[in-house]
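Visitor: Take a look at the following structure, please.
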Amino acid sequence: MAEYEKKNIAELANSAEDFGLAPDLEARFGRKALGMEAGGFSYQRMAPGLRSAFGHRHTQQEEIYVVLDGSGRARVGNEEVPLVARDVLRVSPEVWRAFEAGDDGLELLVFGSGEGGDTEMDPAFWPR
């Protein structure tokens with residue numbers, strides 16, 4: 001393995017396209033693209049007013065969400081948490097979470113610890 005790997009976020013595949021969620025959602029994951037052995041990150045951009053199509057949780061992976069731009073809210077368990085630029089939100093692995101962009105959209109950088117691949121999804125977690 002190389003001692004380092006450099007990519008521009010724009011070079012990472014937009015996974016939202018594979019699931020018919022683009023152009024309102026942009027989701028680019030860096031774990032595999034950078035050859036990471038543990039942990040990972042994603043870049044996510046949500047169009048104004050967009051709510052996550054599903055909630056998710058993990059068995060082991062803790063996540064940190066950094067709001068780069070925009071605003072919105074997260075549903076974390078049974079609570080709704082307002083989000084603005086420069087907020088940092090940590091979510092324990094087993095807690096359900098989903099996001100909704102505000103009027104100006106929501107841009108997130110997400111960091112996860114652990115091996116990954118332990119995601120459970122629920123489209124009924126935060127219905128419209």
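Ligands are numbered from 1 in the order shown, chains are lettered A, B, ... in the order of the structure tokens, and residues start at 1 in each chain.
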Can you pull out every residue within 12 Å of stretch 55-64 of chain A, counting only C-alpha atoms, but drop anything in the same chain fewer than 6 positions away, and send it as a PDB file with C-alpha atoms, in the first residue's frame?
Guide:
ATOM      1  CA  ALA A  38     -10.110   1.671   9.068  1.00  0.00           C
ATOM      2  CA  GLY A  39     -12.433   4.625   9.291  1.00  0.00           C
ATOM      3  CA  GLY A  40     -13.773   6.556   6.383  1.00  0.00           C
ATOM      4  CA  PHE A  41     -15.459   9.730   5.258  1.00  0.00           C
ATOM      5  CA  SER A  42     -18.112  11.008   2.933  1.00  0.00           C
ATOM      6  CA  TYR A  43     -19.105  14.309   1.396  1.00  0.00           C
ATOM      7  CA  ALA A  74     -30.963  16.060  12.031  1.00  0.00           C
ATOM      8  CA  ARG A  75     -33.290  13.569  13.597  1.00  0.00           C
ATOM      9  CA  VAL A  76     -31.165  11.676  16.098  1.00  0.00           C
ATOM     10  CA  GLY A  77     -33.167   9.001  17.872  1.00  0.00           C
ATOM     11  CA  ASN A  78     -36.386  10.790  18.837  1.00  0.00           C
ATOM     12  CA  ASP A  87     -21.717  22.768  13.715  1.00  0.00           C
ATOM     13  CA  VAL A  88     -20.208  19.390  14.564  1.00  0.00           C
ATOM     14  CA  LEU A  89     -22.524  16.527  15.529  1.00  0.00           C
ATOM     15  CA  ARG A  90     -21.320  13.195  16.969  1.00  0.00           C
ATOM     16  CA  VAL A  91     -23.689  10.225  16.806  1.00  0.00           C
ATOM     17  CA  SER A  92     -23.174   6.918  18.613  1.00  0.00           C
ATOM     18  CA  PRO A  93     -23.257   3.846  16.371  1.00  0.00           C
ATOM     19  CA  GLU A  94     -26.555   2.326  17.502  1.00  0.00           C
ATOM     20  CA  VAL A  95     -28.607   5.541  17.304  1.00  0.00           C
ATOM     21  CA  TRP A  96     -30.873   6.082  14.290  1.00  0.00           C
ATOM     22  CA  ARG A  97     -30.173   9.298  12.355  1.00  0.00           C
ATOM     23  CA  ALA A  98     -31.395  11.152   9.262  1.00  0.00           C
ATOM     24  CA  PHE A  99     -31.017  14.685   7.888  1.00  0.00           C
ATOM     25  CA  GLU A 100     -33.132  17.398   6.299  1.00  0.00           C
ATOM     26  CA  LEU A 108     -21.814  17.834   5.222  1.00  0.00           C
ATOM     27  CA  LEU A 109     -18.444  16.183   5.672  1.00  0.00           C
ATOM     28  CA  VAL A 110     -18.916  12.928   7.586  1.00  0.00           C
ATOM     29  CA  PHE A 111     -16.207  10.939   9.360  1.00  0.00           C
ATOM     30  CA  GLY A 112     -16.710   7.384  10.590  1.00  0.00           C
ATOM     31  CA  SER A 113     -14.521   5.247  12.798  1.00  0.00           C
ATOM     32  CA  GLY A 114     -14.294   1.485  12.640  1.00  0.00           C
ATOM     33  CA  GLU A 115     -14.418  -1.025   9.856  1.00  0.00           C
ATOM     34  CA  GLY A 116     -17.673   0.111   8.237  1.00  0.00           C
ATOM     35  CA  GLY A 117     -20.029  -2.181   6.358  1.00  0.00           C
ATOM     36  CA  ASP A 118     -22.283  -2.344   9.408  1.00  0.00           C
ATOM     37  CA  THR A 119     -25.079  -0.064   8.216  1.00  0.00           C
ATOM     38  CA  GLU A 120     -28.772  -0.745   8.798  1.00  0.00           C
ATOM     39  CA  MET A 121     -31.250   1.452   6.893  1.00  0.00           C
ATOM     40  CA  ASP A 122     -34.930   2.213   7.526  1.00  0.00           C
ATOM     41  CA  PRO A 123     -36.976   4.264   5.015  1.00  0.00           C
ATOM     42  CA  ALA A 124     -39.743   4.686   7.640  1.00  0.00           C
ATOM     43  CA  PHE A 125     -37.492   6.293  10.293  1.00  0.00           C
ATOM     44  CA  TRP A 126     -38.440   9.929   9.475  1.00  0.00           C
ATOM     45  CA  PRO A 127     -41.303   9.915   6.984  1.00  0.00           C
TER      46      PRO A 127
END
Visitor: May I ask which of the residues A:Glu37, A:Gln44, A:Pro82, A:Asp103 is the closest one to A:Ala13, counting only C-alpha atoms?
Guide: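 Of the candidates, the smallest distance to A:Ala13 is held by A:Gln44.
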Visitor: Run DSSP on the backbone and give me the residues of stretch 12-61 of chain A it puts in strand (DSSP E or B), as a ChimeraX atom specification.
Guide: /A:14,25-29,40-46,51,55-58
Visitor: Considering only alpha helix (DSSP H) as DSSP defines it on the backbone, what residues of chain A qualify? List them as a PyMOL selection string.
Guide: chain A and resi 15-18
Visitor: For the residues in that selection, give me C-alpha atoms as a compact mmCIF listing (two decimals), in the first residue's frame.
Guide:
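Contents of again.txt, freshly written:
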# COMPACT_ATOMS: atom_id res chain seq x y z
CA SER A 15 -23.20 7.16 -5.13
CA ALA A 16 -26.52 9.03 -5.09
CA GLU A 17 -26.68 8.58 -8.88
CA ASP A 18 -26.64 4.78 -8.48
Visitor: Closest to A:Pro23 among A:Arg51, A:Arg45, A:Arg73, A:Arg86, using only C-alpha atoms?
Guide: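 Ranking A:Arg51, A:Arg45, A:Arg73, A:Arg86 by distance to A:Pro23, first place goes to A:Arg45.
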Visitor: Please report the interatomic distance between atom CA of A:Arg128 and atom CA of A:Leu106 in Å with one decimal.
Guide: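 Atom-to-atom, atom CA of A:Arg128 and atom CA of A:Leu106 are spaced 17.7 Å apart.
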Visitor: Find the residue from A:Met46, A:Leu12, A:Leu34, A:Ala53 that sits nearest to A:Gly70; use only C-alpha atoms when measuring.
Guide: A:Met46
Visitor: Between A:Ala85, A:Ile9, A:Glu79, A:Ala101, which is the closest to A:Gly30 once you count only C-alpha atoms?
Guide: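 Smallest distance to A:Gly30 is found for A:Ile9.
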